[in-house]
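Source file: start.txt (compact mmCIF, C-alpha atoms)
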```txt
# COMPACT_ATOMS: atom_id res chain seq x y z
CA MET S 9 202.38 109.80 193.42
CA SER S 10 202.72 108.81 189.80
CA GLY S 11 203.05 112.28 188.32
CA GLU S 12 199.38 112.42 187.41
CA ASN S 13 197.55 114.91 189.59
CA LYS S 14 194.24 113.78 190.95
CA ILE S 15 193.29 117.32 191.95
CA HIS S 16 193.58 120.29 189.61
CA LYS S 17 192.67 123.96 189.86
CA ASP S 18 189.72 123.61 187.47
CA MET S 19 187.85 121.28 189.84
CA THR S 20 185.06 122.73 191.93
CA PHE S 21 185.32 122.81 195.70
CA ALA S 22 182.40 120.39 195.85
CA GLU S 23 184.17 117.88 193.60
CA VAL S 24 187.35 118.00 195.64
CA LEU S 25 185.62 117.74 198.99
CA LYS S 26 183.40 114.88 197.82
CA GLN S 27 186.32 112.85 196.46
CA PHE S 28 188.83 113.84 199.15
CA PRO S 29 187.00 114.82 202.36
CA LYS S 30 190.23 115.41 204.28
CA SER S 31 191.18 118.16 201.82
CA GLY S 32 189.04 120.59 203.84
CA ASN S 33 191.88 121.08 206.33
CA ILE S 34 194.28 122.18 203.60
CA LEU S 35 191.72 124.50 202.03
CA ALA S 36 191.01 126.05 205.43
CA ALA S 37 194.73 126.56 206.04
CA TYR S 38 194.77 128.73 202.91
CA GLY S 39 191.80 130.75 204.16
CA LEU S 40 189.28 128.94 201.98
CA HIS S 41 186.46 127.94 204.30
CA CYS S 42 184.30 126.71 201.44
CA ILE S 43 183.03 123.51 203.01
CA GLY S 44 179.55 124.85 203.69
CA CYS S 45 179.43 127.57 201.04
CA ARG S 46 176.82 127.16 198.30
CA ILE S 47 179.11 128.85 195.79
CA GLY S 48 181.62 126.02 196.32
CA ALA S 49 179.38 123.74 194.30
CA PHE S 50 180.06 125.79 191.18
CA GLU S 51 183.29 127.70 191.82
CA THR S 52 186.63 126.17 190.86
CA LEU S 53 189.56 126.01 193.25
CA GLU S 54 191.34 128.65 191.18
CA GLN S 55 188.35 131.01 191.09
CA GLY S 56 187.78 130.74 194.83
CA ALA S 57 191.45 131.14 195.66
CA GLN S 58 191.74 134.22 193.44
CA ALA S 59 188.60 135.69 195.01
CA HIS S 60 190.27 135.28 198.40
CA GLY S 61 193.43 137.03 197.19
CA LEU S 62 195.75 134.06 196.73
CA SER S 63 198.56 134.53 194.22
CA ALA S 64 199.22 132.07 191.41
CA ASP S 65 202.21 130.73 193.38
CA LYS S 66 200.04 130.13 196.47
CA ILE S 67 197.40 128.41 194.36
CA ASP S 68 200.04 126.12 192.85
CA ALA S 69 201.40 125.34 196.34
CA MET S 70 197.90 124.55 197.56
CA ILE S 71 197.26 122.21 194.61
CA ARG S 72 200.54 120.41 195.33
CA GLU S 73 199.55 119.96 198.98
CA LEU S 74 196.12 118.68 197.99
CA ASN S 75 197.65 116.17 195.60
CA ALA S 76 200.14 115.01 198.23
CA LEU S 77 197.12 114.24 200.44
CA ALA S 78 195.18 112.58 197.62
```

For this file, produce the structure as structure tokens.
Amino acid sequence: MSGENKIHKDMTFAEVLKQFPKSGNILAAYGLHCIGCRIGAFETLEQGAQAHGLSADKIDAMIRELNALA
């Protein structure tokens, strides 16, 4: 990876899943089963993760994992 993140916490779930379909497994591992959720079209990764009780450190770890996949 070049240092430029393709996925960031301000992207919506829908954007991430459309661009990186395999990211669903990582999101699910963090308890974010947003693949079929209508709110995922509008909610950012950060908003959804916070709503599910993830700490800032967990959110950052998740974003790193997503970018490693991307």

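Atom CA of His60 of chain S is positioned 7.5 Å from atom CA of Gly39 of chain S.
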
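Counting all atoms listed in the file, Tyr38 of chain S has the following residues at most 9 Å away, ignoring those fewer than 3 positions along the same chain: Asn33, Ile34, Leu35, His41, Ala57, Leu62, Lys66, Ile67 and Met70 of chain S.
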
message = Neighbouring residues of Gly48 of chain S were defined as those with any atom within 10 Å, considering all atoms listed in the file; residues of the same chain fewer than 6 positions away were excluded. Please report them as a list in words.
response = Thr20, Phe21, Ala22, Glu23, Val24, Leu25, Leu40, His41, Cys42, Gln55 and Gly56 of chain S

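For the point (201.1, 121.2, 197.6), the residues with at least one atom inside 12 Å, counting all atoms listed in the file, are Asn13, Ile15, His16, Lys17, Ser31, Ile34, Leu35, Ala37, Tyr38, Asp65, Lys66, Ile67, Asp68, Ala69, Met70, Ile71, Arg72, Glu73, Leu74, Asn75, Ala76, Leu77 and Ala78 of chain S.
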
request  = Kindly give the distance, in Å, that separates atom CA of Arg46 of chain S and atom CA of Pro29 of chain S, rounded to a single decimal.
outcome  = 16.5 Å

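Coordinates place atom CA of Gln27 of chain S at a distance of 25.2 Å from atom CA of Gly61 of chain S.
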